[in-house]
Amino acid sequence: MDKIQVETSWVRPLPLGAQTENGRVHVAFTSETEGTARIHLYKKGREKETKSFVFPEENRMGDVRYIALSGFRPEEYEYSLSVDGKPVKDMCARLVAGRSRWGTQAEAGEPVRYGFLTEGFDWGQDKRPGYPFEDTVLYRLHVRGFTKHPSSGVRHKGTFEGILEKIPYLKGLGVTTVELQLPDEFTELPAAQSCPGPFDSGRAEGKLNYWGYGPAYCFAPKAAYGLPENTAGGVDVQFKRLVKAFHENGLEVSVELYFEPDAGTPYLLECLRHWVQEYHVDGIHIGGRFDARAVSEDPSLRGVKLFAGGWDGVCPAGKRYLADYRDDFLKDMRKLIKGDEDQLRPLIYHMKENGGGRGKVNFLANTDGFTMMDMVSYDRKHNEANGENGKDGTDYNYSWNCGVEGPTKKRRILELRKRQLRNGWVLLMLAQGIPLILAGDEWGNSQDGNNNAYCQDNAVGWVNWKKGRLNEDIYLFSRFMIQFRRRHPMLHKTGGLRSMDYLGAGCPDFSVHGEAPWYPRYENYRRQLGFLYSGKYAEGSEDEDIYVILNMHWESHVFSLPHTGVLWHLAVHTAKEEMNGFFPEPPVLEEQDSFKLEPRSIAVFVSKRSSRPEAEESERQDKNWEKAGK
């Protein structure tokens, strides 16, 4: 029988929450309520309390109460807290008990029970891949929704283990970093109240909080995303196993954490440090309002990728580790793709801009709003399933249905939609910022026009893997564009593009052209433009020149091609339906002086500076990439 006792020699007021070390436990929490504070211990699986201890009065610093216990196996116990007999929450708890089943929570007034982290996880030779921002390709997914659909093909659907089973797929796609949407312990069954968070999700009148924005135990991984403890260890062990497996495969893990407005800077900083130290995560997407300067100046977080909607002008010198996470690319490029006027200058801005001292995240779809497929299939939102009479979700989708609202069998419409998707993938992968892919967009996942699926824990909100088999052509094109970006260093330069000839190479690193070379036209009615990346400015080794011509007009246009002293080869032609828009072995253009570009399409040319065959060159670049990820 355990002989639990209070320690007097190993006790301290910080950090908050429950810490385990060599079989001993230290618990600290804050409470403004005066009175007798107690910790209640329970054997796992038993309702009756095993023992309770009073926090010694001398173990108090301000509003912080703390205690140390020994003589028991922490992993076999749970605990709760009280002051004068009234339950008190431990918002810094490392694990929350009783929530291993999705859609369950403690009854109002009942004490919440918490768990202790498992000691001694074997990280082995774990090493973070450490991709710089310029080499990063983000892939954002909902932990449950990514594999919950019956078509996912994994054994453990809707869990961390399910994501682990998809590692070969993620590697094959070519992404470097997976962003997990809110993997912490949020409450999915809120009372009838307004749903807080970064998105306008409307009112959750007793509805399921599928996305997870709102009050949460931000230190704890979500128990419902784990497997039963007796088969796979605690959810903390399962999450560590996921991160370790990602690192072994050259992939990074970034987590999104949303903080309530009253969270406070000390709480937020300690939480960020905890995920980095305890779980070895590579990045954190910080949601909610926070002190940007305090976060940026924390020395323990430097080098960890930190994403946020704004940094209040903070831009530390040295290695870039802060990144802006905003929807300006989405708005501008969606307008361009659907043919709006006056979008050429925003196009050039996004092609050149990489954030400077900070990174810049680019995406065409994210959690809120249309998926990429819905972007080309719907003119307006269809949120009827949310039960809010269409009042939830944004009305500004910057989308075009290509002639028919929603599903259709018309071949002409379907081909145009796929062309528009290819256009989107080209723009996303040619821009200098950090590309972000919403899970499922690589094959055309749809939410049936719902642009605010915050309560849709069903086929609407889940990734439908069956679409991947039906739309293999979309997947092949998106994967090609990811690889094309990776193989051409001019598309992801460390220092960005200057539009200057700072090497005395005879041409700038990036230049803008119109239908005639060196003569860009920006009148508001124009929808066609060209731009040239000079391979002489590539870092490390010289790249090929890349010339891009774009025509978002509904009529064809003839472009004269610039002469750079080498032959142009056609790598991408989004209007070329029979080739699925790309050429694995780019053919040399028979006509080197001009190119007729079809309506609503993009063409990408490369100049062959090397006699090395394209396949051999691709293999060399792949090996370099794999080496960098180890």
# chains A, B, ... in the order shown; residues from 1 in each chain; ligands from 1
$ residues_around --residues "segment 587-595 of chain A" --least-positions-apart "5" --cutoff "8 Å" --atoms "only C-alpha atoms" --output "list in words"
Val558, Phe559, Ser560, Leu561, Pro562, His563, Leu567, Trp568, His569, Leu570 and Ala571 of chain A
$ residues_around --residues "Val88 of chain A" --least-positions-apart "2" --cutoff "9 Å" --atoms "only C-alpha atoms" --output "JSON, numbers by chain"
{"A": [31, 80, 81, 82, 83, 86, 90, 111, 112]}
$ write_last_selection --atoms "C-alpha atoms" --output "PDB file, in the first residue's frame"
ATOM      1  CA  SER A  31      -6.527  31.133  -5.872  1.00  0.00           C
ATOM      2  CA  SER A  80      -8.462  17.598  -7.704  1.00  0.00           C
ATOM      3  CA  LEU A  81      -8.187  20.853  -5.766  1.00  0.00           C
ATOM      4  CA  SER A  82     -10.480  22.690  -3.368  1.00  0.00           C
ATOM      5  CA  VAL A  83     -10.569  25.733  -1.103  1.00  0.00           C
ATOM      6  CA  LYS A  86     -15.360  24.188  -2.985  1.00  0.00           C
ATOM      7  CA  ASP A  90      -6.089  23.945 -12.047  1.00  0.00           C
ATOM      8  CA  PRO A 111     -14.645  18.702  -9.250  1.00  0.00           C
ATOM      9  CA  VAL A 112     -12.462  18.274 -12.311  1.00  0.00           C
TER      10      VAL A 112
END
$ closest_residue --among "A:Thr118, A:Thr104, A:Asn386, A:Thr36" --to "Gln238 of chain A" --atoms "only C-alpha atoms"
A:Thr118
$ residues_around --residues "segment 247-253 of chain A" --least-positions-apart "2" --cutoff "9 Å" --atoms "only C-alpha atoms" --output "number ranges by chain"
A: 126-131, 167-168, 170-171, 175-180, 242-245, 255, 280-284, 626-630
$ write_last_selection --atoms "C-alpha atoms" --output "short mmCIF file (atom, residue, chain, number, x, y, z; two decimals), in the first residue's frame"
data_model
loop_
_atom_site.label_atom_id
_atom_site.label_comp_id
_atom_site.auth_asym_id
_atom_site.auth_seq_id
_atom_site.Cartn_x
_atom_site.Cartn_y
_atom_site.Cartn_z
CA ASP A 126 15.48 13.10 -31.09
CA LYS A 127 16.49 16.15 -33.10
CA ARG A 128 14.35 18.90 -34.55
CA PRO A 129 14.68 19.15 -38.35
CA GLY A 130 15.09 22.92 -38.07
CA TYR A 131 13.86 24.04 -41.48
CA ILE A 167 3.35 10.08 -42.02
CA PRO A 168 4.21 8.27 -45.30
CA LEU A 170 2.71 13.58 -45.67
CA LYS A 171 6.29 12.81 -46.69
CA VAL A 175 5.37 19.24 -46.86
CA THR A 176 7.86 19.98 -44.09
CA THR A 177 5.75 21.10 -41.13
CA VAL A 178 2.35 19.97 -39.90
CA GLU A 179 0.27 22.46 -37.92
CA LEU A 180 -2.16 20.81 -35.49
CA LEU A 242 3.89 11.33 -32.59
CA VAL A 243 6.43 14.17 -32.41
CA LYS A 244 9.34 11.76 -32.19
CA ALA A 245 8.11 9.83 -35.24
CA VAL A 255 0.69 23.37 -32.54
CA HIS A 280 9.65 19.02 -28.35
CA VAL A 281 7.33 20.86 -30.73
CA ASP A 282 8.98 22.84 -33.51
CA GLY A 283 6.52 25.71 -33.72
CA ILE A 284 3.51 27.34 -32.06
CA GLU A 626 16.32 14.72 -47.31
CA LYS A 627 19.78 15.41 -45.92
CA ALA A 628 18.67 18.81 -44.60
CA GLY A 629 15.74 17.19 -42.82
CA LYS A 630 17.87 14.76 -40.82
#
$ residues_around --residues "segment 140-155 of chain A" --least-positions-apart "4" --cutoff "6 Å" --atoms "only C-alpha atoms" --output "number ranges by chain"
A: 159, 162, 178-181, 438-439, 462-463, 465-466
$ residues_around --residues "Lys352 of chain A" --least-positions-apart "2" --cutoff "7 Å" --atoms "only C-alpha atoms" --output "PyMOL selection string"
chain A and resi 348-350+354+431-432+496-497
$ write_last_selection --atoms "C-alpha atoms" --output "JSON list (two decimals), in the first residue's frame"
[["chain", "number", "residue", "atom", "x", "y", "z"],
["A", 348, "ILE", "CA", 3.71, 41.36, -57.59],
["A", 349, "TYR", "CA", 3.80, 42.30, -53.91],
["A", 350, "HIS", "CA", 2.96, 38.76, -52.82],
["A", 354, "ASN", "CA", 8.84, 37.12, -47.75],
["A", 431, "ALA", "CA", 5.25, 33.29, -53.88],
["A", 432, "GLN", "CA", 8.27, 33.97, -51.67],
["A", 496, "GLY", "CA", 13.75, 37.75, -50.46],
["A", 497, "LEU", "CA", 13.74, 39.53, -53.81]]
$ closest_residue --among "A:Lys89, A:Lys608, A:Lys48, A:Arg487" --to "Tyr217 of chain A" --atoms "only C-alpha atoms"
A:Lys89
$ residues_around --residues "Gly339 of chain A" --least-positions-apart "3" --cutoff "8 Å" --atoms "only C-alpha atoms" --output "ChimeraX atom specification"
/A:335-336,527,552-553,600
$ write_last_selection --atoms "N, CA and C atoms" --output "PDB file, in the first residue's frame"
ATOM      1  N   LYS A 335      -9.137  37.195 -55.464  1.00  0.00           N
ATOM      2  CA  LYS A 335      -9.676  38.214 -56.367  1.00  0.00           C
ATOM      3  C   LYS A 335      -9.018  38.113 -57.742  1.00  0.00           C
ATOM      4  N   LEU A 336      -7.704  37.920 -57.741  1.00  0.00           N
ATOM      5  CA  LEU A 336      -6.977  37.796 -58.999  1.00  0.00           C
ATOM      6  C   LEU A 336      -7.459  36.579 -59.786  1.00  0.00           C
ATOM      7  N   ARG A 527      -5.451  42.205 -66.813  1.00  0.00           N
ATOM      8  CA  ARG A 527      -5.439  40.986 -66.014  1.00  0.00           C
ATOM      9  C   ARG A 527      -4.331  40.036 -66.485  1.00  0.00           C
ATOM     10  N   MET A 552      -5.449  36.216 -66.424  1.00  0.00           N
ATOM     11  CA  MET A 552      -6.712  35.971 -65.732  1.00  0.00           C
ATOM     12  C   MET A 552      -7.895  36.603 -66.484  1.00  0.00           C
ATOM     13  N   HIS A 553      -7.611  37.059 -67.708  1.00  0.00           N
ATOM     14  CA  HIS A 553      -8.668  37.593 -68.566  1.00  0.00           C
ATOM     15  C   HIS A 553      -9.449  36.432 -69.182  1.00  0.00           C
ATOM     16  N   ARG A 600      -7.747  32.664 -68.493  1.00  0.00           N
ATOM     17  CA  ARG A 600      -7.692  32.169 -67.109  1.00  0.00           C
ATOM     18  C   ARG A 600      -6.664  31.047 -66.971  1.00  0.00           C
TER      19      ARG A 600
END
$ atom_distance --atom1 "atom CA of Glu21 of chain A" --atom2 "atom CA of Gly62 of chain A"
24.9 Å
$ residues_around --residues "segment 323-331 of chain A" --least-positions-apart "5" --cutoff "6 Å" --atoms "only C-alpha atoms" --output "number ranges by chain"
A: 307-310, 358-364
$ select_by_dssp --residues "segment 480-563 of chain A" --states "alpha helix (DSSP H)" --output "VMD selection string"
chain A and resid 480 to 487
$ decode --residues "segment 225-269 of chain A" --atoms "N, CA and C atoms" --output "mmCIF file, in the first residue's frame"
data_model
loop_
_atom_site.group_PDB
_atom_site.id
_atom_site.type_symbol
_atom_site.label_atom_id
_atom_site.label_comp_id
_atom_site.auth_asym_id
_atom_site.auth_seq_id
_atom_site.Cartn_x
_atom_site.Cartn_y
_atom_site.Cartn_z
ATOM 1 N N TYR A 225 -8.196 12.808 -28.074
ATOM 2 C CA TYR A 225 -7.391 12.548 -29.261
ATOM 3 C C TYR A 225 -6.418 11.394 -29.029
ATOM 4 N N GLY A 226 -6.483 10.780 -27.855
ATOM 5 C CA GLY A 226 -5.616 9.656 -27.546
ATOM 6 C C GLY A 226 -6.366 8.339 -27.576
ATOM 7 N N LEU A 227 -5.618 7.240 -27.466
ATOM 8 C CA LEU A 227 -6.198 5.910 -27.353
ATOM 9 C C LEU A 227 -6.368 5.568 -25.881
ATOM 10 N N PRO A 228 -7.148 4.541 -25.556
ATOM 11 C CA PRO A 228 -7.266 4.129 -24.156
ATOM 12 C C PRO A 228 -5.898 3.906 -23.534
ATOM 13 N N GLU A 229 -5.725 4.408 -22.324
ATOM 14 C CA GLU A 229 -4.412 4.434 -21.695
ATOM 15 C C GLU A 229 -3.816 3.052 -21.512
ATOM 16 N N ASN A 230 -4.640 2.050 -21.270
ATOM 17 C CA ASN A 230 -4.096 0.727 -20.991
ATOM 18 C C ASN A 230 -3.514 0.049 -22.229
ATOM 19 N N THR A 231 -3.718 0.647 -23.402
ATOM 20 C CA THR A 231 -3.189 0.047 -24.625
ATOM 21 C C THR A 231 -2.029 0.828 -25.223
ATOM 22 N N ALA A 232 -1.929 2.099 -24.907
ATOM 23 C CA ALA A 232 -0.912 2.905 -25.601
ATOM 24 C C ALA A 232 -0.218 3.908 -24.690
ATOM 25 N N GLY A 233 -0.370 3.791 -23.364
ATOM 26 C CA GLY A 233 0.179 4.808 -22.485
ATOM 27 C C GLY A 233 -0.738 6.012 -22.473
ATOM 28 N N GLY A 234 -0.445 6.973 -21.622
ATOM 29 C CA GLY A 234 -1.268 8.163 -21.528
ATOM 30 C C GLY A 234 -1.210 9.001 -22.789
ATOM 31 N N VAL A 235 -2.129 9.966 -22.892
ATOM 32 C CA VAL A 235 -2.162 10.806 -24.091
ATOM 33 C C VAL A 235 -0.889 11.625 -24.210
ATOM 34 N N ASP A 236 -0.237 11.929 -23.081
ATOM 35 C CA ASP A 236 1.035 12.654 -23.142
ATOM 36 C C ASP A 236 2.104 11.809 -23.821
ATOM 37 N N VAL A 237 2.142 10.524 -23.508
ATOM 38 C CA VAL A 237 3.103 9.620 -24.137
ATOM 39 C C VAL A 237 2.794 9.469 -25.622
ATOM 40 N N GLN A 238 1.517 9.377 -25.955
ATOM 41 C CA GLN A 238 1.122 9.218 -27.357
ATOM 42 C C GLN A 238 1.504 10.437 -28.183
ATOM 43 N N PHE A 239 1.330 11.636 -27.601
ATOM 44 C CA PHE A 239 1.697 12.841 -28.341
ATOM 45 C C PHE A 239 3.213 12.917 -28.524
ATOM 46 N N LYS A 240 3.958 12.539 -27.507
ATOM 47 C CA LYS A 240 5.418 12.538 -27.630
ATOM 48 C C LYS A 240 5.858 11.534 -28.687
ATOM 49 N N ARG A 241 5.188 10.401 -28.739
ATOM 50 C CA ARG A 241 5.533 9.398 -29.746
ATOM 51 C C ARG A 241 5.268 9.943 -31.154
ATOM 52 N N LEU A 242 4.195 10.720 -31.291
ATOM 53 C CA LEU A 242 3.889 11.334 -32.587
ATOM 54 C C LEU A 242 4.991 12.305 -33.003
ATOM 55 N N VAL A 243 5.389 13.181 -32.096
ATOM 56 C CA VAL A 243 6.430 14.168 -32.413
ATOM 57 C C VAL A 243 7.745 13.473 -32.742
ATOM 58 N N LYS A 244 8.094 12.484 -31.951
ATOM 59 C CA LYS A 244 9.341 11.755 -32.190
ATOM 60 C C LYS A 244 9.333 11.100 -33.567
ATOM 61 N N ALA A 245 8.208 10.481 -33.930
ATOM 62 C CA ALA A 245 8.107 9.831 -35.244
ATOM 63 C C ALA A 245 8.197 10.848 -36.375
ATOM 64 N N PHE A 246 7.579 12.014 -36.193
ATOM 65 C CA PHE A 246 7.691 13.070 -37.201
ATOM 66 C C PHE A 246 9.149 13.467 -37.386
ATOM 67 N N HIS A 247 9.856 13.691 -36.301
ATOM 68 C CA HIS A 247 11.256 14.106 -36.396
ATOM 69 C C HIS A 247 12.110 13.039 -37.065
ATOM 70 N N GLU A 248 11.834 11.780 -36.767
ATOM 71 C CA GLU A 248 12.596 10.698 -37.389
ATOM 72 C C GLU A 248 12.388 10.655 -38.898
ATOM 73 N N ASN A 249 11.271 11.190 -39.347
ATOM 74 C CA ASN A 249 10.963 11.220 -40.772
ATOM 75 C C ASN A 249 11.209 12.585 -41.402
ATOM 76 N N GLY A 250 11.946 13.443 -40.707
ATOM 77 C CA GLY A 250 12.294 14.744 -41.269
ATOM 78 C C GLY A 250 11.143 15.721 -41.337
ATOM 79 N N LEU A 251 10.111 15.533 -40.497
ATOM 80 C CA LEU A 251 8.956 16.425 -40.465
ATOM 81 C C LEU A 251 8.893 17.169 -39.139
ATOM 82 N N GLU A 252 8.343 18.370 -39.193
ATOM 83 C CA GLU A 252 8.186 19.189 -37.990
ATOM 84 C C GLU A 252 6.732 19.188 -37.524
ATOM 85 N N VAL A 253 6.541 19.474 -36.238
ATOM 86 C CA VAL A 253 5.205 19.589 -35.646
ATOM 87 C C VAL A 253 5.051 20.981 -35.047
ATOM 88 N N SER A 254 4.019 21.689 -35.482
ATOM 89 C CA SER A 254 3.659 22.975 -34.897
ATOM 90 C C SER A 254 2.257 22.840 -34.317
ATOM 91 N N VAL A 255 2.012 23.456 -33.169
ATOM 92 C CA VAL A 255 0.691 23.370 -32.542
ATOM 93 C C VAL A 255 0.066 24.758 -32.478
ATOM 94 N N GLU A 256 -1.238 24.804 -32.654
ATOM 95 C CA GLU A 256 -1.968 26.054 -32.466
ATOM 96 C C GLU A 256 -2.524 26.069 -31.051
ATOM 97 N N LEU A 257 -2.334 27.178 -30.347
ATOM 98 C CA LEU A 257 -2.875 27.350 -28.996
ATOM 99 C C LEU A 257 -3.628 28.672 -28.955
ATOM 100 N N TYR A 258 -4.875 28.627 -28.488
ATOM 101 C CA TYR A 258 -5.670 29.843 -28.381
ATOM 102 C C TYR A 258 -5.782 30.240 -26.915
ATOM 103 N N PHE A 259 -5.485 31.518 -26.621
ATOM 104 C CA PHE A 259 -5.503 32.028 -25.258
ATOM 105 C C PHE A 259 -6.624 33.046 -25.077
ATOM 106 N N GLU A 260 -7.372 32.876 -24.007
ATOM 107 C CA GLU A 260 -8.440 33.807 -23.672
ATOM 108 C C GLU A 260 -7.857 35.191 -23.374
ATOM 109 N N PRO A 261 -8.638 36.251 -23.538
ATOM 110 C CA PRO A 261 -8.123 37.605 -23.298
ATOM 111 C C PRO A 261 -7.564 37.822 -21.890
ATOM 112 N N ASP A 262 -8.083 37.082 -20.896
ATOM 113 C CA ASP A 262 -7.623 37.268 -19.517
ATOM 114 C C ASP A 262 -6.552 36.268 -19.124
ATOM 115 N N ALA A 263 -5.938 35.588 -20.091
ATOM 116 C CA ALA A 263 -4.956 34.543 -19.757
ATOM 117 C C ALA A 263 -3.743 35.114 -19.029
ATOM 118 N N GLY A 264 -3.285 36.284 -19.429
ATOM 119 C CA GLY A 264 -2.118 36.889 -18.782
ATOM 120 C C GLY A 264 -0.814 36.420 -19.400
ATOM 121 N N THR A 265 0.156 37.323 -19.447
ATOM 122 C CA THR A 265 1.444 37.019 -20.071
ATOM 123 C C THR A 265 2.219 35.915 -19.364
ATOM 124 N N PRO A 266 2.320 35.905 -18.012
ATOM 125 C CA PRO A 266 3.058 34.809 -17.361
ATOM 126 C C PRO A 266 2.507 33.431 -17.699
ATOM 127 N N TYR A 267 1.171 33.301 -17.705
ATOM 128 C CA TYR A 267 0.539 32.023 -18.038
ATOM 129 C C TYR A 267 0.869 31.626 -19.474
ATOM 130 N N LEU A 268 0.740 32.566 -20.394
ATOM 131 C CA LEU A 268 0.998 32.279 -21.800
ATOM 132 C C LEU A 268 2.444 31.855 -22.024
ATOM 133 N N LEU A 269 3.382 32.579 -21.441
ATOM 134 C CA LEU A 269 4.794 32.249 -21.636
ATOM 135 C C LEU A 269 5.129 30.879 -21.066
#
